[in-house]
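K.L.:
Got a structure for you, written out below as structure tokens; questions coming shortly.
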Amino acid sequence: MSQVLEGVKVLELASVLAGPLAGTALAVRGATVTKVERPPHGDVTRTWKSAEEPADREASAYYASANAGKRVVWRDLASAEGRKWLEASLAEHDVVLHNFKGADLEKFGMEPEGLALRHSHLVNVRLVGFPGAPERLAYDVVVQAETGFMSMNGEPGSKPLRMPVALMDVLASHQIRTAVLEGLLGRSQGRTGAYAEVSLEGSGLSALVNQSTNYLMNGQVPMAQGSIHPNIAPYGDLMECADGWMVLAVGSDRQFAGLCSVLGHAEWADRPDFRTNVERLRNREALMTALNGVASSRTRAHWDAVFQAHGIPAGVVRRMDEVFAPGSTGEATLIVDEDGVGRRPSPVAYQMHWLQTGNAMR
């Protein structure tokens with residue numbers, strides 16, 4: 001991987017997921033990341049072990065998911081010695097990531113204006129839960145609830161459901177990375193005193209995309225619809241095969257005609273109730289009854305091969321053991337850290353290539 005951030009020093013004072021995940025992403029790209037944990041227990045996620053994890057393992061799989069490639073330093077920043085160490089470290093680093101409460105900013109000398117005066121070179125990124133109430137405790141599931149995600153998740157008539165990963169933290173980690181890179185770029189242009197405040201709530205709101213505009217432009221309040229798409233059919237609809245499920249992502253009339261053809265019923269594309277996307281939306285139940293009547297006779301592997309050969313957008317609904325099976329793309333994304341914890345997915349999902357010869361980064 002490109003080490004374009006080599007030489008950049010990041011001081012990670014954040015805990016739990018969003019900040020640490022951003023720190024790991026920067027480390028993967030070559031930054032030297034120092035993670036500060038308070039003795040004796042450290043980051044609370046060290047103890048977030050599932051019932052199946054060994055009790056004597058030093059850190060949980062949850063902790064491992066967001067912490068790789070870092071140097072861990074144990075410091076009590078609340079002590080006089082710890083605050084002295086922190087001040088010296090701030091002078092030596094390029095970036096600081098933290099999620100201090102407002103009351104702690106003064107205690108640790110982290111007020112944005114004062115910090116910028118003392119260390120104008122620093123890119124200072126703070127994570128809060130709610131921008132309008134920065135002192136309020138914020139956990140991912142609370143933010144999922146209050147930004148509308150839980151109300152849209154689940155089957156029609158079901159209780160609201162949280163997403164099965166801490167999605168608000170993951171989204172916020174991307175905002176943090178962007179803020180860091182923008183700050184470093186601005187510094188290279190002569191700007192100083194960079195400060196950004198990223199919130200879990202704001203990160204969730206910015207990710208509502210078409211669901212928010214469906215409401216804001218059309219007055220349509222998105223409700224739980226399972227996996228189906230509110231504007232396209234069959235898109236997100238589950239096709240039941242002989243040994244499991246596939247999900248369809250048919251986004252045009254042409255693609256629908258192709259789907260009908262490979263299923264052996266080309267005439268369905270001309271049915272008045274299926275001919276256009278609008279009609280398919282209105283007759284979704286009848287549509288899926290017809291499609292599943294054919295699909296259920298063959299396996300996922302069969303339909304996957306047929307669909308890929310004919311350019312039909314669809315995907316196999318895989319379990320986690322299938323996602324990371326030997327030889328899979330999932331396995332190829334795994335990184336192994338020297339901390340001995342084991343394999344984990346890389347937080348960076350691309351590789352940068354410098355294609356112009358004679359212009360190598362040094």
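Please note that chains go A, B, ... in the order of the structure tokens, that every chain numbers its residues from 1, and that ligands are numbered from 1 in the order shown.
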Hey, what does DSSP flag as strand (DSSP E) within region 197-250 of chain A? Can you give it to me as a ChimeraX atom specification?
P.N.:
/A:197-199,235-241,244-249
K.L.:
Arg275 (chain A): which residues within 12 Å, counting only C-alpha atoms, same-chain residues fewer than 6 positions away excluded, as a list in words?
P.N.:
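Near neighbours after the sequence-gap exclusion: Ala233, Ser252, Asp253, Arg254, Gln255, Phe256, Ala257, Cys260, Ala266, Glu267, Trp268, Ala269, Leu281, Arg282, Asn283 and Leu287 of chain A.
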K.L.:
Produce a file of the selected residues containing N, CA and C atoms, as a PDB file, in the first residue's frame.
P.N.:
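Dumped everything to part_19.pdb:
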ATOM      1  N   ALA A 233     -38.174  -1.381  -8.381  1.00  0.00           N
ATOM      2  CA  ALA A 233     -38.526  -2.791  -8.197  1.00  0.00           C
ATOM      3  C   ALA A 233     -38.181  -3.576  -9.471  1.00  0.00           C
ATOM      4  N   SER A 252     -33.546  -0.898 -14.220  1.00  0.00           N
ATOM      5  CA  SER A 252     -34.093  -0.353 -15.473  1.00  0.00           C
ATOM      6  C   SER A 252     -34.992  -1.390 -16.131  1.00  0.00           C
ATOM      7  N   ASP A 253     -35.803  -0.918 -17.060  1.00  0.00           N
ATOM      8  CA  ASP A 253     -36.681  -1.822 -17.801  1.00  0.00           C
ATOM      9  C   ASP A 253     -35.853  -2.805 -18.635  1.00  0.00           C
ATOM     10  N   ARG A 254     -34.755  -2.337 -19.172  1.00  0.00           N
ATOM     11  CA  ARG A 254     -33.896  -3.219 -19.972  1.00  0.00           C
ATOM     12  C   ARG A 254     -33.340  -4.349 -19.109  1.00  0.00           C
ATOM     13  N   GLN A 255     -32.878  -4.010 -17.922  1.00  0.00           N
ATOM     14  CA  GLN A 255     -32.365  -5.043 -17.029  1.00  0.00           C
ATOM     15  C   GLN A 255     -33.470  -6.008 -16.604  1.00  0.00           C
ATOM     16  N   PHE A 256     -34.686  -5.488 -16.415  1.00  0.00           N
ATOM     17  CA  PHE A 256     -35.794  -6.368 -16.045  1.00  0.00           C
ATOM     18  C   PHE A 256     -36.107  -7.342 -17.172  1.00  0.00           C
ATOM     19  N   ALA A 257     -36.065  -6.864 -18.394  1.00  0.00           N
ATOM     20  CA  ALA A 257     -36.305  -7.750 -19.532  1.00  0.00           C
ATOM     21  C   ALA A 257     -35.241  -8.838 -19.589  1.00  0.00           C
ATOM     22  N   CYS A 260     -36.066 -11.459 -16.876  1.00  0.00           N
ATOM     23  CA  CYS A 260     -37.160 -12.333 -17.297  1.00  0.00           C
ATOM     24  C   CYS A 260     -36.668 -13.359 -18.324  1.00  0.00           C
ATOM     25  N   ALA A 266     -39.444 -14.580 -20.873  1.00  0.00           N
ATOM     26  CA  ALA A 266     -39.241 -13.288 -21.513  1.00  0.00           C
ATOM     27  C   ALA A 266     -40.549 -12.507 -21.649  1.00  0.00           C
ATOM     28  N   GLU A 267     -41.687 -13.241 -21.714  1.00  0.00           N
ATOM     29  CA  GLU A 267     -42.976 -12.582 -21.910  1.00  0.00           C
ATOM     30  C   GLU A 267     -43.392 -11.720 -20.711  1.00  0.00           C
ATOM     31  N   TRP A 268     -42.805 -11.992 -19.525  1.00  0.00           N
ATOM     32  CA  TRP A 268     -43.166 -11.208 -18.341  1.00  0.00           C
ATOM     33  C   TRP A 268     -42.812  -9.728 -18.507  1.00  0.00           C
ATOM     34  N   ALA A 269     -41.778  -9.435 -19.280  1.00  0.00           N
ATOM     35  CA  ALA A 269     -41.363  -8.038 -19.461  1.00  0.00           C
ATOM     36  C   ALA A 269     -42.429  -7.224 -20.181  1.00  0.00           C
ATOM     37  N   LEU A 281     -43.565  -1.469  -9.075  1.00  0.00           N
ATOM     38  CA  LEU A 281     -43.714  -1.009  -7.697  1.00  0.00           C
ATOM     39  C   LEU A 281     -45.128  -1.263  -7.181  1.00  0.00           C
ATOM     40  N   ARG A 282     -46.117  -1.011  -8.023  1.00  0.00           N
ATOM     41  CA  ARG A 282     -47.519  -1.194  -7.615  1.00  0.00           C
ATOM     42  C   ARG A 282     -47.879  -2.662  -7.447  1.00  0.00           C
ATOM     43  N   ASN A 283     -47.191  -3.533  -8.175  1.00  0.00           N
ATOM     44  CA  ASN A 283     -47.531  -4.965  -8.171  1.00  0.00           C
ATOM     45  C   ASN A 283     -46.358  -5.805  -7.659  1.00  0.00           C
ATOM     46  N   LEU A 287     -45.158  -9.663  -8.496  1.00  0.00           N
ATOM     47  CA  LEU A 287     -43.895  -9.776  -9.213  1.00  0.00           C
ATOM     48  C   LEU A 287     -42.972 -10.776  -8.539  1.00  0.00           C
TER      49      LEU A 287
END
K.L.:
Can you list every residue of region 137-236 of chain A that has an atom at most 10 Å from region 2-11 of chain A, with its nearest atom pair and the distance in Å to one decimal, using only C-alpha atoms, ordered by chain then number, as a tab-separated table?
P.N.:
residue	atom	partner	partner_atom	distance
A:Val180	CA	A:Val10	CA	9.7
A:Leu181	CA	A:Leu5	CA	9.6
A:Leu184	CA	A:Val8	CA	9.2
K.L.:
Just the selected residues (N, CA and C atoms), exported as a CSV table (one decimal), in the first residue's frame, please.
P.N.:
chain,number,residue,atom,x,y,z
A,180,VAL,N,-9.0,15.4,8.9
A,180,VAL,CA,-7.5,15.3,9.0
A,180,VAL,C,-6.8,15.7,7.8
A,181,LEU,N,-7.2,15.1,6.7
A,181,LEU,CA,-6.6,15.3,5.4
A,181,LEU,C,-6.7,16.7,4.9
A,184,LEU,N,-4.3,18.8,7.0
A,184,LEU,CA,-3.0,18.7,6.5
A,184,LEU,C,-2.7,19.4,5.2
K.L.:
I'd like to know which of A:Met239, A:Val262, A:Leu21, A:Val170 is closest to Ala305 (chain A), using only C-alpha atoms.
P.N.:
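For Ala305 (chain A), the nearest of the candidates is A:Val262.
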K.L.:
Distance CA of Gly264 (chain A)-CA of Ile228 (chain A), one decimal place?
P.N.:
23.9 Å
K.L.:
Using only C-alpha atoms, I'd like a table of the residues in region 49-163 of chain A that come within 8 Å of region 195-203 of chain A; for each, show the closest atom pair and its distance in Å rounded to one decimal, ordered by chain and ascending number, as JSON lines.
P.N.:
{"residue": "A:Pro112", "atom": "CA", "partner": "A:Tyr195", "partner_atom": "CA", "distance": 6.7}
{"residue": "A:Val123", "atom": "CA", "partner": "A:Tyr195", "partner_atom": "CA", "distance": 6.1}
{"residue": "A:Asn124", "atom": "CA", "partner": "A:Tyr195", "partner_atom": "CA", "distance": 4.7}
{"residue": "A:Val125", "atom": "CA", "partner": "A:Ala196", "partner_atom": "CA", "distance": 4.9}
{"residue": "A:Arg126", "atom": "CA", "partner": "A:Glu197", "partner_atom": "CA", "distance": 4.9}
{"residue": "A:Leu127", "atom": "CA", "partner": "A:Val198", "partner_atom": "CA", "distance": 4.9}
{"residue": "A:Val128", "atom": "CA", "partner": "A:Ser199", "partner_atom": "CA", "distance": 4.7}
{"residue": "A:Gly129", "atom": "CA", "partner": "A:Leu200", "partner_atom": "CA", "distance": 4.8}
{"residue": "A:Phe130", "atom": "CA", "partner": "A:Glu201", "partner_atom": "CA", "distance": 5.4}
{"residue": "A:Pro131", "atom": "CA", "partner": "A:Ser199", "partner_atom": "CA", "distance": 6.0}
{"residue": "A:Ala138", "atom": "CA", "partner": "A:Leu200", "partner_atom": "CA", "distance": 7.9}
{"residue": "A:Asp140", "atom": "CA", "partner": "A:Leu200", "partner_atom": "CA", "distance": 7.6}
{"residue": "A:Val143", "atom": "CA", "partner": "A:Glu201", "partner_atom": "CA", "distance": 5.8}
{"residue": "A:Glu146", "atom": "CA", "partner": "A:Glu201", "partner_atom": "CA", "distance": 7.9}
{"residue": "A:Thr147", "atom": "CA", "partner": "A:Glu201", "partner_atom": "CA", "distance": 6.7}
K.L.:
Restrict the selected residues to N, CA and C atoms and save them as a PDB file, in the first residue's frame.
P.N.:
ATOM      1  N   PRO A 112      -9.939  24.773  21.862  1.00  0.00           N
ATOM      2  CA  PRO A 112      -9.463  24.967  20.484  1.00  0.00           C
ATOM      3  C   PRO A 112      -8.625  26.224  20.281  1.00  0.00           C
ATOM      4  N   VAL A 123      -3.291  19.824  13.603  1.00  0.00           N
ATOM      5  CA  VAL A 123      -4.633  19.608  13.071  1.00  0.00           C
ATOM      6  C   VAL A 123      -5.423  18.949  14.196  1.00  0.00           C
ATOM      7  N   ASN A 124      -6.367  19.669  14.750  1.00  0.00           N
ATOM      8  CA  ASN A 124      -7.092  19.271  15.950  1.00  0.00           C
ATOM      9  C   ASN A 124      -8.503  18.836  15.556  1.00  0.00           C
ATOM     10  N   VAL A 125      -8.817  17.570  15.754  1.00  0.00           N
ATOM     11  CA  VAL A 125     -10.136  17.046  15.390  1.00  0.00           C
ATOM     12  C   VAL A 125     -10.799  16.465  16.639  1.00  0.00           C
ATOM     13  N   ARG A 126     -11.948  17.016  16.964  1.00  0.00           N
ATOM     14  CA  ARG A 126     -12.695  16.577  18.150  1.00  0.00           C
ATOM     15  C   ARG A 126     -13.987  15.891  17.717  1.00  0.00           C
ATOM     16  N   LEU A 127     -14.298  14.779  18.358  1.00  0.00           N
ATOM     17  CA  LEU A 127     -15.556  14.065  18.121  1.00  0.00           C
ATOM     18  C   LEU A 127     -16.516  14.344  19.257  1.00  0.00           C
ATOM     19  N   VAL A 128     -17.754  14.712  18.906  1.00  0.00           N
ATOM     20  CA  VAL A 128     -18.829  14.845  19.885  1.00  0.00           C
ATOM     21  C   VAL A 128     -20.003  13.992  19.419  1.00  0.00           C
ATOM     22  N   GLY A 129     -20.967  13.820  20.289  1.00  0.00           N
ATOM     23  CA  GLY A 129     -22.146  13.062  19.900  1.00  0.00           C
ATOM     24  C   GLY A 129     -23.145  13.914  19.155  1.00  0.00           C
ATOM     25  N   PHE A 130     -23.558  15.005  19.821  1.00  0.00           N
ATOM     26  CA  PHE A 130     -24.588  15.889  19.281  1.00  0.00           C
ATOM     27  C   PHE A 130     -24.046  17.312  19.258  1.00  0.00           C
ATOM     28  N   PRO A 131     -23.980  17.969  18.100  1.00  0.00           N
ATOM     29  CA  PRO A 131     -23.401  19.314  18.034  1.00  0.00           C
ATOM     30  C   PRO A 131     -24.163  20.329  18.871  1.00  0.00           C
ATOM     31  N   ALA A 138     -23.384  10.030  24.116  1.00  0.00           N
ATOM     32  CA  ALA A 138     -23.860   9.581  22.807  1.00  0.00           C
ATOM     33  C   ALA A 138     -23.309   8.202  22.491  1.00  0.00           C
ATOM     34  N   ASP A 140     -23.852   4.871  19.706  1.00  0.00           N
ATOM     35  CA  ASP A 140     -24.281   4.671  18.326  1.00  0.00           C
ATOM     36  C   ASP A 140     -25.770   4.398  18.213  1.00  0.00           C
ATOM     37  N   VAL A 143     -27.912   7.465  18.481  1.00  0.00           N
ATOM     38  CA  VAL A 143     -27.841   8.322  17.301  1.00  0.00           C
ATOM     39  C   VAL A 143     -28.571   7.676  16.122  1.00  0.00           C
ATOM     40  N   GLU A 146     -32.129   8.623  16.712  1.00  0.00           N
ATOM     41  CA  GLU A 146     -32.506  10.026  16.601  1.00  0.00           C
ATOM     42  C   GLU A 146     -32.231  10.631  15.225  1.00  0.00           C
ATOM     43  N   THR A 147     -31.530   9.921  14.365  1.00  0.00           N
ATOM     44  CA  THR A 147     -31.336  10.411  12.992  1.00  0.00           C
ATOM     45  C   THR A 147     -32.226   9.679  11.990  1.00  0.00           C
TER      46      THR A 147
END
K.L.:
So how many Å separate CA of Asn99 (chain A) and CA of Ser79 (chain A), to one decimal?
P.N.:
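These two atoms are separated by 18.4 Å.
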K.L.:
Using 12 Å as the limit and counting only C-alpha atoms, can you tabulate each residue of region 148-238 of chain A that touches region 345-358 of chain A, with its shortest atom-to-atom distance in Å and the two atoms involved, as JSON lines?
P.N.:
{"residue": "A:Val170", "atom": "CA", "partner": "A:Pro347", "partner_atom": "CA", "distance": 9.6}
{"residue": "A:Leu171", "atom": "CA", "partner": "A:Pro347", "partner_atom": "CA", "distance": 11.8}
{"residue": "A:Ser173", "atom": "CA", "partner": "A:Pro347", "partner_atom": "CA", "distance": 9.7}
{"residue": "A:His174", "atom": "CA", "partner": "A:Pro347", "partner_atom": "CA", "distance": 9.7}
{"residue": "A:Arg177", "atom": "CA", "partner": "A:Val348", "partner_atom": "CA", "distance": 10.6}
K.L.:
Store the residues picked out above, limited to N, CA and C atoms, as a short mmCIF file (atom, residue, chain, number, x, y, z; two decimals), in the first residue's frame.
P.N.:
data_model
loop_
_atom_site.label_atom_id
_atom_site.label_comp_id
_atom_site.auth_asym_id
_atom_site.auth_seq_id
_atom_site.Cartn_x
_atom_site.Cartn_y
_atom_site.Cartn_z
N VAL A 170 -18.90 4.47 12.33
CA VAL A 170 -18.17 4.22 11.08
C VAL A 170 -18.27 5.44 10.16
N LEU A 171 -19.46 6.01 10.05
CA LEU A 171 -19.63 7.21 9.23
C LEU A 171 -18.81 8.36 9.78
N SER A 173 -16.10 8.16 11.51
CA SER A 173 -14.67 7.92 11.29
C SER A 173 -14.24 8.43 9.92
N HIS A 174 -15.11 8.31 8.93
CA HIS A 174 -14.79 8.83 7.60
C HIS A 174 -14.76 10.36 7.60
N ARG A 177 -11.43 11.33 9.12
CA ARG A 177 -10.32 11.17 8.17
C ARG A 177 -10.29 12.34 7.18
#
K.L.:
Check the DSSP output for the backbone and give back, as a PyMOL selection string, the residues of region 96-268 of chain A in helix (DSSP H, G or I).
P.N.:
chain A and resi 102-107+112-118+140-146+149-152+167-188+200-206+209-218+253-262+266-268
K.L.:
Store the residues of this selection in a file with C-alpha atoms, as a PDB file, in the first residue's frame.
P.N.:
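Result file follows (part00.pdb):
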ATOM      1  CA  GLY A 102     -16.349  20.353  27.244  1.00  0.00           C
ATOM      2  CA  ALA A 103     -15.483  20.270  30.945  1.00  0.00           C
ATOM      3  CA  ASP A 104     -12.300  18.356  30.151  1.00  0.00           C
ATOM      4  CA  LEU A 105     -11.057  20.689  27.419  1.00  0.00           C
ATOM      5  CA  GLU A 106      -9.805  23.256  29.914  1.00  0.00           C
ATOM      6  CA  LYS A 107      -8.595  20.558  32.297  1.00  0.00           C
ATOM      7  CA  PRO A 112      -9.463  24.967  20.484  1.00  0.00           C
ATOM      8  CA  GLU A 113      -8.380  28.611  20.561  1.00  0.00           C
ATOM      9  CA  GLY A 114      -5.749  28.152  23.247  1.00  0.00           C
ATOM     10  CA  LEU A 115      -4.382  24.993  21.662  1.00  0.00           C
ATOM     11  CA  ALA A 116      -4.117  26.729  18.291  1.00  0.00           C
ATOM     12  CA  LEU A 117      -2.164  29.594  19.855  1.00  0.00           C
ATOM     13  CA  ARG A 118       0.302  27.246  21.557  1.00  0.00           C
ATOM     14  CA  ASP A 140     -24.281   4.671  18.326  1.00  0.00           C
ATOM     15  CA  VAL A 141     -27.697   3.133  18.886  1.00  0.00           C
ATOM     16  CA  VAL A 142     -29.025   6.402  20.352  1.00  0.00           C
ATOM     17  CA  VAL A 143     -27.841   8.322  17.301  1.00  0.00           C
ATOM     18  CA  GLN A 144     -29.258   5.665  14.968  1.00  0.00           C
ATOM     19  CA  ALA A 145     -32.587   6.244  16.699  1.00  0.00           C
ATOM     20  CA  GLU A 146     -32.506  10.026  16.601  1.00  0.00           C
ATOM     21  CA  PHE A 149     -32.170   5.098  10.751  1.00  0.00           C
ATOM     22  CA  MET A 150     -33.970   2.829  13.225  1.00  0.00           C
ATOM     23  CA  SER A 151     -37.390   3.977  12.060  1.00  0.00           C
ATOM     24  CA  MET A 152     -36.530   2.900   8.502  1.00  0.00           C
ATOM     25  CA  LEU A 167     -22.857   2.639  11.653  1.00  0.00           C
ATOM     26  CA  MET A 168     -22.845   6.174  13.099  1.00  0.00           C
ATOM     27  CA  ASP A 169     -19.314   5.629  14.406  1.00  0.00           C
ATOM     28  CA  VAL A 170     -18.173   4.216  11.082  1.00  0.00           C
ATOM     29  CA  LEU A 171     -19.631   7.206   9.232  1.00  0.00           C
ATOM     30  CA  ALA A 172     -18.057   9.603  11.727  1.00  0.00           C
ATOM     31  CA  SER A 173     -14.671   7.925  11.293  1.00  0.00           C
ATOM     32  CA  HIS A 174     -14.788   8.827   7.599  1.00  0.00           C
ATOM     33  CA  GLN A 175     -15.648  12.428   8.470  1.00  0.00           C
ATOM     34  CA  ILE A 176     -12.685  12.482  10.859  1.00  0.00           C
ATOM     35  CA  ARG A 177     -10.316  11.174   8.170  1.00  0.00           C
ATOM     36  CA  THR A 178     -11.538  13.821   5.739  1.00  0.00           C
ATOM     37  CA  ALA A 179     -11.062  16.556   8.340  1.00  0.00           C
ATOM     38  CA  VAL A 180      -7.522  15.349   9.050  1.00  0.00           C
ATOM     39  CA  LEU A 181      -6.563  15.311   5.382  1.00  0.00           C
ATOM     40  CA  GLU A 182      -8.159  18.712   4.786  1.00  0.00           C
ATOM     41  CA  GLY A 183      -6.250  20.115   7.753  1.00  0.00           C
ATOM     42  CA  LEU A 184      -2.960  18.700   6.525  1.00  0.00           C
ATOM     43  CA  LEU A 185      -3.584  20.034   3.031  1.00  0.00           C
ATOM     44  CA  GLY A 186      -4.461  23.459   4.419  1.00  0.00           C
ATOM     45  CA  ARG A 187      -1.288  23.436   6.502  1.00  0.00           C
ATOM     46  CA  SER A 188       0.763  22.674   3.387  1.00  0.00           C
ATOM     47  CA  LEU A 200     -22.068  11.345  15.367  1.00  0.00           C
ATOM     48  CA  GLU A 201     -25.423  13.009  14.789  1.00  0.00           C
ATOM     49  CA  GLY A 202     -24.155  15.138  11.919  1.00  0.00           C
ATOM     50  CA  SER A 203     -22.441  12.137  10.340  1.00  0.00           C
ATOM     51  CA  GLY A 204     -25.701  10.209  10.431  1.00  0.00           C
ATOM     52  CA  LEU A 205     -27.743  13.079   9.028  1.00  0.00           C
ATOM     53  CA  SER A 206     -25.317  13.587   6.149  1.00  0.00           C
ATOM     54  CA  VAL A 209     -29.130  10.979   1.179  1.00  0.00           C
ATOM     55  CA  ASN A 210     -32.192   9.956  -0.891  1.00  0.00           C
ATOM     56  CA  GLN A 211     -34.265   8.969   2.138  1.00  0.00           C
ATOM     57  CA  SER A 212     -34.016  12.511   3.486  1.00  0.00           C
ATOM     58  CA  THR A 213     -34.764  14.111   0.105  1.00  0.00           C
ATOM     59  CA  ASN A 214     -37.737  11.797  -0.410  1.00  0.00           C
ATOM     60  CA  TYR A 215     -39.163  13.547   2.649  1.00  0.00           C
ATOM     61  CA  LEU A 216     -37.804  17.058   2.096  1.00  0.00           C
ATOM     62  CA  MET A 217     -38.833  17.252  -1.568  1.00  0.00           C
ATOM     63  CA  ASN A 218     -41.918  15.013  -1.643  1.00  0.00           C
ATOM     64  CA  ASP A 253     -36.681  -1.822 -17.801  1.00  0.00           C
ATOM     65  CA  ARG A 254     -33.896  -3.219 -19.972  1.00  0.00           C
ATOM     66  CA  GLN A 255     -32.365  -5.043 -17.029  1.00  0.00           C
ATOM     67  CA  PHE A 256     -35.794  -6.368 -16.045  1.00  0.00           C
ATOM     68  CA  ALA A 257     -36.305  -7.750 -19.532  1.00  0.00           C
ATOM     69  CA  GLY A 258     -32.937  -9.481 -19.255  1.00  0.00           C
ATOM     70  CA  LEU A 259     -33.905 -10.977 -15.899  1.00  0.00           C
ATOM     71  CA  CYS A 260     -37.160 -12.333 -17.297  1.00  0.00           C
ATOM     72  CA  SER A 261     -35.301 -13.817 -20.275  1.00  0.00           C
ATOM     73  CA  VAL A 262     -32.729 -15.745 -18.202  1.00  0.00           C
ATOM     74  CA  ALA A 266     -39.241 -13.288 -21.513  1.00  0.00           C
ATOM     75  CA  GLU A 267     -42.976 -12.582 -21.910  1.00  0.00           C
ATOM     76  CA  TRP A 268     -43.166 -11.208 -18.341  1.00  0.00           C
TER      77      TRP A 268
END
K.L.:
Find the spatial neighbours of Ala80 (chain A), counting only C-alpha atoms, within a cut-off of 10 Å - ignore same-chain residues fewer than 5 positions away - and output them as a list in words.
P.N.:
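With the cut-off at 10 Å, the set is Trp85, Leu86 and Phe108 of chain A.
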K.L.:
Print the selection's residues with N, CA and C atoms to a file, as a PDB file, in the first residue's frame.
P.N.:
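Below is the file that was written, selection23.pdb:
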ATOM      1  N   TRP A  85       3.204  15.524  30.122  1.00  0.00           N
ATOM      2  CA  TRP A  85       3.543  14.649  28.989  1.00  0.00           C
ATOM      3  C   TRP A  85       2.687  14.997  27.773  1.00  0.00           C
ATOM      4  N   LEU A  86       1.405  15.265  28.016  1.00  0.00           N
ATOM      5  CA  LEU A  86       0.500  15.594  26.914  1.00  0.00           C
ATOM      6  C   LEU A  86       0.942  16.871  26.209  1.00  0.00           C
ATOM      7  N   PHE A 108      -7.467  19.648  30.354  1.00  0.00           N
ATOM      8  CA  PHE A 108      -6.336  19.067  29.636  1.00  0.00           C
ATOM      9  C   PHE A 108      -5.648  20.063  28.695  1.00  0.00           C
TER      10      PHE A 108
END
K.L.:
What's the 10 Å shell around Gly293 (chain A), counting only C-alpha atoms, without same-chain residues fewer than 5 positions away, as a ChimeraX atom specification?
P.N.:
/A:239-241,288
K.L.:
Using only C-alpha atoms, which of the listed residues (A:Val73, A:Ala242, A:Val16, A:Ala88) sits closest to Arg298 (chain A)?
P.N.:
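Under the stated criterion, the closest residue is A:Ala242.
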